[in-house]
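The structure appears right after this line, and notes come after that.
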Amino acid sequence: MEYCMIEVAFDNKKELDSSIEELLKNRLVASCQVIESRNKWNWKGQLEEAKEYLLLMKTKKSLIKEIYQVIRNIHSYTCFEFAIFDFTSCDKEYLKWIEEETKK
């Protein structure tokens with residue numbers, strides 16, 4: 001089984017909370033971590049800045065498309081970050097936990 005961590009940035013706390021609730025309820029992710037951040041980026045020739053919330057999710061790679069759809073249906077950004085990082089651990093119990101907490 002292959003695992004990953006997915007990072008998505010939100011500027012809307014309601015959308016963040018709704019996404020987390022939906023993902024956990026449907027067992028698409030084993031855990032969600034939220035980090036508040038102050039971000040700057042270029043958007044259509046303009047410098048943008050906002051307080052954002054980075055959502056980090058641990059899951060199985062086989063669930064990526066379903067996770068993307070849940071977030072796409074909730075997120076209000078036209079173009080949002082959906083970064084996927086391979087995830088490994090020398091702690092086999094931790095990986096087993098991710099396996100058990102996400103749907104089959």
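As shown in the structure tokens, the chain order sets the letters A, B, ...; within each chain, residues go from 1, and ligands are also counted from 1 in the order they appear.
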Contacts of A:Ala30 within 12 Å, only C-alpha atoms, excl. fewer than 3 positions in-chain, as number ranges by chain
A: 3-6, 20-21, 23-27, 33, 56-60, 63, 67, 94-103
Write the residues you've just listed into a file as a PDB file, in the first residue's frame, and include N, CA and C atoms for each of them.
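Ended up saving to result38.pdb:
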```pdb
ATOM      1  N   TYR A   3       1.234   5.381   0.611  1.00  0.00           N
ATOM      2  CA  TYR A   3       0.631   6.451   1.402  1.00  0.00           C
ATOM      3  C   TYR A   3       1.157   7.799   0.930  1.00  0.00           C
ATOM      4  N   CYS A   4       0.406   8.852   1.267  1.00  0.00           N
ATOM      5  CA  CYS A   4       0.821  10.196   0.895  1.00  0.00           C
ATOM      6  C   CYS A   4       0.293  11.201   1.902  1.00  0.00           C
ATOM      7  N   MET A   5       0.861  12.397   1.829  1.00  0.00           N
ATOM      8  CA  MET A   5       0.344  13.541   2.568  1.00  0.00           C
ATOM      9  C   MET A   5      -0.091  14.551   1.513  1.00  0.00           C
ATOM     10  N   ILE A   6      -1.276  15.102   1.704  1.00  0.00           N
ATOM     11  CA  ILE A   6      -1.817  16.096   0.777  1.00  0.00           C
ATOM     12  C   ILE A   6      -1.914  17.420   1.514  1.00  0.00           C
ATOM     13  N   ILE A  20     -12.748  19.163   6.281  1.00  0.00           N
ATOM     14  CA  ILE A  20     -12.235  18.226   7.281  1.00  0.00           C
ATOM     15  C   ILE A  20     -13.336  17.269   7.730  1.00  0.00           C
ATOM     16  N   GLU A  21     -14.489  17.809   8.038  1.00  0.00           N
ATOM     17  CA  GLU A  21     -15.600  16.979   8.511  1.00  0.00           C
ATOM     18  C   GLU A  21     -15.991  15.936   7.466  1.00  0.00           C
ATOM     19  N   LEU A  23     -14.186  14.756   4.910  1.00  0.00           N
ATOM     20  CA  LEU A  23     -13.105  13.799   4.660  1.00  0.00           C
ATOM     21  C   LEU A  23     -12.997  12.758   5.765  1.00  0.00           C
ATOM     22  N   LEU A  24     -13.102  13.196   7.016  1.00  0.00           N
ATOM     23  CA  LEU A  24     -13.007  12.252   8.133  1.00  0.00           C
ATOM     24  C   LEU A  24     -14.260  11.377   8.230  1.00  0.00           C
ATOM     25  N   LYS A  25     -15.414  11.977   8.044  1.00  0.00           N
ATOM     26  CA  LYS A  25     -16.670  11.226   8.123  1.00  0.00           C
ATOM     27  C   LYS A  25     -16.699  10.091   7.101  1.00  0.00           C
ATOM     28  N   ASN A  26     -16.175  10.364   5.912  1.00  0.00           N
ATOM     29  CA  ASN A  26     -16.161   9.368   4.843  1.00  0.00           C
ATOM     30  C   ASN A  26     -14.899   8.514   4.828  1.00  0.00           C
ATOM     31  N   ARG A  27     -14.081   8.672   5.863  1.00  0.00           N
ATOM     32  CA  ARG A  27     -12.859   7.868   6.040  1.00  0.00           C
ATOM     33  C   ARG A  27     -11.924   7.940   4.829  1.00  0.00           C
ATOM     34  N   GLN A  33      -4.281  17.905   9.887  1.00  0.00           N
ATOM     35  CA  GLN A  33      -3.590  18.901  10.703  1.00  0.00           C
ATOM     36  C   GLN A  33      -3.773  20.251  10.045  1.00  0.00           C
ATOM     37  N   LEU A  56      -3.088  19.630   6.185  1.00  0.00           N
ATOM     38  CA  LEU A  56      -2.229  18.494   5.863  1.00  0.00           C
ATOM     39  C   LEU A  56      -2.989  17.219   6.192  1.00  0.00           C
ATOM     40  N   MET A  57      -3.095  16.338   5.206  1.00  0.00           N
ATOM     41  CA  MET A  57      -3.889  15.113   5.370  1.00  0.00           C
ATOM     42  C   MET A  57      -3.034  13.887   5.092  1.00  0.00           C
ATOM     43  N   LYS A  58      -3.141  12.870   5.950  1.00  0.00           N
ATOM     44  CA  LYS A  58      -2.461  11.606   5.726  1.00  0.00           C
ATOM     45  C   LYS A  58      -3.490  10.613   5.211  1.00  0.00           C
ATOM     46  N   THR A  59      -3.119   9.915   4.127  1.00  0.00           N
ATOM     47  CA  THR A  59      -4.073   9.023   3.482  1.00  0.00           C
ATOM     48  C   THR A  59      -3.365   8.007   2.600  1.00  0.00           C
ATOM     49  N   LYS A  60      -4.164   7.229   1.898  1.00  0.00           N
ATOM     50  CA  LYS A  60      -3.660   6.280   0.908  1.00  0.00           C
ATOM     51  C   LYS A  60      -3.722   6.938  -0.468  1.00  0.00           C
ATOM     52  N   LEU A  63      -6.888   6.988  -2.688  1.00  0.00           N
ATOM     53  CA  LEU A  63      -8.037   7.842  -2.373  1.00  0.00           C
ATOM     54  C   LEU A  63      -7.884   9.286  -2.865  1.00  0.00           C
ATOM     55  N   ILE A  67     -10.638  12.465  -2.626  1.00  0.00           N
ATOM     56  CA  ILE A  67     -10.318  13.597  -1.750  1.00  0.00           C
ATOM     57  C   ILE A  67     -10.374  14.898  -2.544  1.00  0.00           C
ATOM     58  N   TYR A  94       2.415   3.014  12.568  1.00  0.00           N
ATOM     59  CA  TYR A  94       1.828   4.274  12.111  1.00  0.00           C
ATOM     60  C   TYR A  94       1.169   4.089  10.749  1.00  0.00           C
ATOM     61  N   LEU A  95       1.862   3.414   9.840  1.00  0.00           N
ATOM     62  CA  LEU A  95       1.290   3.146   8.527  1.00  0.00           C
ATOM     63  C   LEU A  95       0.073   2.230   8.633  1.00  0.00           C
ATOM     64  N   LYS A  96       0.132   1.274   9.539  1.00  0.00           N
ATOM     65  CA  LYS A  96      -1.015   0.386   9.770  1.00  0.00           C
ATOM     66  C   LYS A  96      -2.217   1.195  10.257  1.00  0.00           C
ATOM     67  N   TRP A  97      -1.968   2.179  11.111  1.00  0.00           N
ATOM     68  CA  TRP A  97      -3.044   3.048  11.606  1.00  0.00           C
ATOM     69  C   TRP A  97      -3.707   3.790  10.446  1.00  0.00           C
ATOM     70  N   ILE A  98      -2.905   4.354   9.532  1.00  0.00           N
ATOM     71  CA  ILE A  98      -3.465   5.047   8.366  1.00  0.00           C
ATOM     72  C   ILE A  98      -4.312   4.072   7.553  1.00  0.00           C
ATOM     73  N   GLU A  99      -3.798   2.883   7.349  1.00  0.00           N
ATOM     74  CA  GLU A  99      -4.524   1.857   6.587  1.00  0.00           C
ATOM     75  C   GLU A  99      -5.867   1.537   7.236  1.00  0.00           C
ATOM     76  N   GLU A 100      -5.872   1.372   8.523  1.00  0.00           N
ATOM     77  CA  GLU A 100      -7.088   0.987   9.237  1.00  0.00           C
ATOM     78  C   GLU A 100      -8.112   2.124   9.343  1.00  0.00           C
ATOM     79  N   GLU A 101      -7.645   3.360   9.367  1.00  0.00           N
ATOM     80  CA  GLU A 101      -8.552   4.497   9.548  1.00  0.00           C
ATOM     81  C   GLU A 101      -9.108   5.071   8.253  1.00  0.00           C
ATOM     82  N   THR A 102      -8.647   4.563   7.131  1.00  0.00           N
ATOM     83  CA  THR A 102      -9.196   4.995   5.855  1.00  0.00           C
ATOM     84  C   THR A 102      -9.976   3.840   5.256  1.00  0.00           C
ATOM     85  N   LYS A 103     -10.944   4.176   4.421  1.00  0.00           N
ATOM     86  CA  LYS A 103     -11.815   3.127   3.897  1.00  0.00           C
ATOM     87  C   LYS A 103     -11.058   2.178   2.986  1.00  0.00           C
TER      88      LYS A 103
END
```
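Once A:Ala50 and its same-chain neighbours fewer than 5 positions away are set aside, Arg38, Asn39 and Lys40 of chain A remain within 7 Å of it when counting only C-alpha atoms.
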Store the residues of this selection in a file with C-alpha atoms, as a PDB file, in the first residue's frame.
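Saved result, selection13.pdb, follows:
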```pdb
ATOM      1  CA  ARG A  38       0.518  34.229   6.266  1.00  0.00           C
ATOM      2  CA  ASN A  39       1.056  33.715   2.558  1.00  0.00           C
ATOM      3  CA  LYS A  40       2.001  35.840  -0.422  1.00  0.00           C
TER       4      LYS A  40
END
```
Mind checking DSSP for chain A and telling me the helix (DSSP H, G or I) residues as JSON, numbers by chain?
{"A": [13, 14, 15, 16, 17, 18, 19, 20, 21, 22, 23, 24, 25, 61, 62, 63, 64, 65, 66, 67, 68, 69, 70, 71, 72, 73, 74, 92, 93, 94, 95, 96, 97, 98, 99, 100, 101]}
Which of A:Phe82, A:Tyr77, A:Phe10, A:Tyr68 sits closest to A:Glu36 [using only C-alpha atoms]:
A:Phe10
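Note that the spacing between atom CA of A:Asn73 and atom CA of A:Ser19 amounts to 9.1 Å.
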Using only C-alpha atoms, which residues sit within 9 Å of A:Leu16 once same-chain residues fewer than 6 positions away are excluded, as a PyMOL selection string?
chain A and resi 9-10+34+53+55+71+74-75
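Here atom CA of A:Glu66 and atom CA of A:Cys90 stand 27.0 Å from one another.
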For A:Ser37, which residue among A:Val8, A:Val70, A:Leu54, A:Ile84 is the nearest when counting only C-alpha atoms?
A:Leu54
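Reported to one decimal place, the separation of atom CA of A:Glu81 from atom CA of A:Glu49 is 14.9 Å.
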